[in-house]
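In what follows, a single structure is set out as structure tokens and then discussed.
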There are 2 protein chains.
Amino acid sequence: MAKAPTVEDVARAAGVSRQTVSNVLNTPAIVRESTRVRVQRAIADLGYRPHIAARALRTRRSSAIGIHLDPYAGGVSGVVLDRFVHALTEKAGERGLRVLLYAARSADEEIDRMRELVEGGEVDGFVVTGTFHGDPRTGWLIERDVPFVAFGRPWGIDDVDDPAHLWVDVDGAAGTRAATAHLAPRIDGPVAFLGWPRGSGTGDDRERGWRSVVGEAGVRLTSEEDVAAARAAVTAALAAPGGLGGVVCASDTLAIGARLAAASAGRDDMPIVGFDNTPAAEALGLSSVEQLPERVAEGVLGLLMGPTGSTVAPRAATAGAAHVLVEPRLVLR
Amino acid sequence: MAKAPTVEDVARAAGVSRQTVSNVLNTPAIVRESTRVRVQRAIADLGYRPHIAARALRTRRSSAIGIHLDPYAGGVSGVVLDRFVHALTEKAGERGLRVLLYAARSADEEIDRMRELVEGGEVDGFVVTGTFHGDPRTGWLIERDVPFVAFGRPWGIDDVDDPAHLWVDVDGAAGTRAATAHLAPRIDGPVAFLGWPRGSGTGDDRERGWRSVVGEAGVRLTSEEDVAAARAAVTAALAAPGGLGGVVCASDTLAIGARLAAASAGRDDMPIVGFDNTPAAEALGLSSVEQLPERVAEGVLGLLMGPTGSTVAPRAATAGAAHVLVEPRLVLR
């Protein structure tokens with residue numbers, strides 16, 4: 001086997017220092033244009049690939065996928081990302097991959113961490129969570145051609161047909177649609193929706209699914225993500241003219257509040273459906289929409305590596321689908 | 001700086017092949033005794049340290065701690081390890097370290113994963129969870145002098161004074177003792193303990209703390225880790241002569257069952273304390289004993305690296321404490 005070209009080889013061919021080669025690879029903006037072009041030509045001519053040299057020294061080739069983990073924030077639904085991390089670790093393990101966690105307190109700090117991991121050859125790609133419009137992290141990754149998949153769609157008019165990057169998400173609207181369609185023929189009175197204040201992509205999506213079944217006349221209740229607030233909102237609605245036949249909720253936290261309100265009003269039998277199928281919902285016997293994190297993990301790995309691959313492919317090599325939308329499952333209790 | 005010795009240097013000094021050096025490092029059992037001794041002498045003479053060569057090629061030195069993550073098993077208390085992983089990622093990040101997750105379905109498979117990670121220089125140490133008597137994982141790590149700390153004490157007569165390895169654990173008995181001491185003067189009737197069937201180190205430890213306050217006459221109720229079973233056990237105890245004044249529970253799952261039983265019996269005000277301070281307990285307004293995973297993470301990193309270090313030290317270099325026992329906190333609601 002021919003020896004893989006090194007940074008030194010590139011530096012010699014381009015007539016620059018090692019540091020300049022490193023700068024071109026990692027912080028190209030600080031390198032003069034003419035130098036950058038010369039180094040990039042040397043990289044292409046030699047077929048240099050960063051980190052291959054380092055990897056060749058290892059006794060086994062190993063790979064990892066990086067994912068940022070926030071500090072624990074508590075809350076009933078805080079476990080959803082953790083379930084995904086479990087599933088990702090399990091599914092990645094089946095492909096011979098590990099999952100590397102790193103901490104960061106801001107998007108900029110996360111970019112610093114990602115840069116270190118890419119430069120050190122510690123990861124072959126990333127799963128990015130909590131993306132937002134104009135997210136500097138996805139911009140940084142796209143610019144450097146680092147393979148990544150977002151868990152969570154890019155919210156916007158172009159999200160499905162012309163995505164800026166690969167993504168996997170759960171079809172929240174399909175989940176609340178299924179829950180509403182299940183309850184509507186089984187109860188007297190309206191199926192209400194208990195959601196968060198409008199404006200969150202996730203919450204508005206879940207409301208759309210319910211709305212598609214009940215139409216414009218449906219009763220929409222609003223609460224912050226808080227059990228006591230949800231309980232108060234549902235208590236008020238139960239006392240109002242018309243009352244409630246059942247409630248589809250944007251989260252299990254809201255559903256627990258609805259359940260407590262119903263119990264206090266002597267309506268223990270009122271059907272309530274939560275979202276996320278958390279341990280708390282299970283413990284209380286609440287129905288809930290389950291996000292199927294195992295399918296999300298499979299979707300992420302499929303986009304990163306192909307359906308059965310064990311190597312992270314650069315984005316251009318991923319033909320076909322640019323996103324996966326996982327249909328959640330209604331768990332009835 | 002003098003160039004670090006390589007596998008080739010060792011092979012040359014010992015008069016063996018590279019592969020034989022690798023075997024001595026990784027699977028010494030398959031190497032003839034006389035050869036092994038010769039290679040080990042060469043390693044010692046040259047001061048060879050595996051992976052240093054590979055690491056030197058990376059543009060930044062980076063470090064990671066490996067931890068095994070089981071498939072998601074659900075359950076109210078399943079979140080405790082996840083909280084610890086969040087805290088470990090956060091605290092490790094402050095020291096410039098990452099956390100590497102890997103999947104394994106058995107102790108033997110976990111040893112295979114650990115071997116790959118050690119050989120590849122991908123981690124500098126491990127956090128081992130769910131240790132048990134005669135655990136082959138800790139034996140394997142000790143034999144190879146790989147730095148590690150167990151989350152969970154080695155249950156046995158020698159666990160505190162003469163531990164086989166470093167460990168961090170939560171003082172469950174201190175938690176239930178505090179909960180019982182808080183309830184006893186505030187209620188009429190006995191403070192019962194609702195625990196799992198005897199024989200688990202964790203469960204028996206939590207029972208001991210309660211017993212140390214109530215004495216031998218205390219009422220002990222038993223239930224599997226299941227809301228419905230716990231509810232049935234407490235319903236029966238509430239109907240029995242003597243009744244119940246309050247219940248200290250071995251877990252939040254059991255506490256939720258106790259809460260439902262109390263509500264059905266018109267005893268909504270009966271004090272109940274759970275264990276783990278899960279989101280489910282918080283959502284239901286239940287008091288609970290909080291494990292303080294941030295302190296556990298700090299304890300683990302302190303044992304692995306020293307109080308403020310950013311490099312994992314081999315075990316022999318860790319002077320002083322061989323374990324950390326974290327006192328949990330009673331969260332009253």
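Ligands are numbered from 1 in the order shown, residues from 1 within each chain, and chains are lettered A, B, ... in the order they appear in the structure tokens.
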
What is the Cα root-mean-square deviation, to one decimal place in Å, for chain B superposed on chain A with all Cα atoms matched in order?
0.3 Å

Identify, with DSSP run on backbone atoms, the residues in segment 50-248 of chain A assigned to strand (DSSP E), and express the list as an NGL selection string.
:A and (63-68 or 97-102 or 125-129 or 148-151 or 167-170 or 191-195 or 220-222 or 246-248)

Identify which of the residues A:Val31, A:Arg113, A:Thr129, A:Ala42 lies closest to Ala11 of chain A, counting only C-alpha atoms when measuring atom-to-atom distances.
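Using only C-alpha atoms, the shortest distance to Ala11 of chain A belongs to A:Ala42.
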
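Candidate residues B:Arg267, B:Arg329, B:His86, B:Arg295 were compared for distance to chain A, and the nearest is B:His86, using only C-alpha atoms.
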
Contact residues around Leu301 of chain A with only C-alpha atoms at 8 Å, ignoring same-chain residues under 4 positions, as a VMD selection string:
chain A and resid 91 to 92 297 305 to 307

d(atom CA of Leu244 of chain B, atom CA of Trp196 of chain B) in Å:
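The value is 18.2 Å.
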
Hey, what's within 12 Å of Ala174 of chain B if we count only C-alpha atoms and toss same-chain stuff fewer than 2 positions away? As a PyMOL selection string, please?
chain B and resi 169-172+176-181+205-213+275+289-291+325-330

Check the smallest atom-to-atom distance from each of B:Glu225, B:Glu119, B:Glu8, B:Glu110 to chain A using only C-alpha atoms, then report the winner.
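Residue with the minimum atom-to-atom distance to chain A: B:Glu119.
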
Which residue gives the smallest distance to Tyr48 of chain B among B:Ala13, B:Ala262, B:Val79, B:Val248, with only C-alpha atoms counted?
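Among B:Ala13, B:Ala262, B:Val79, B:Val248, it is B:Ala13 that comes nearest to Tyr48 of chain B.
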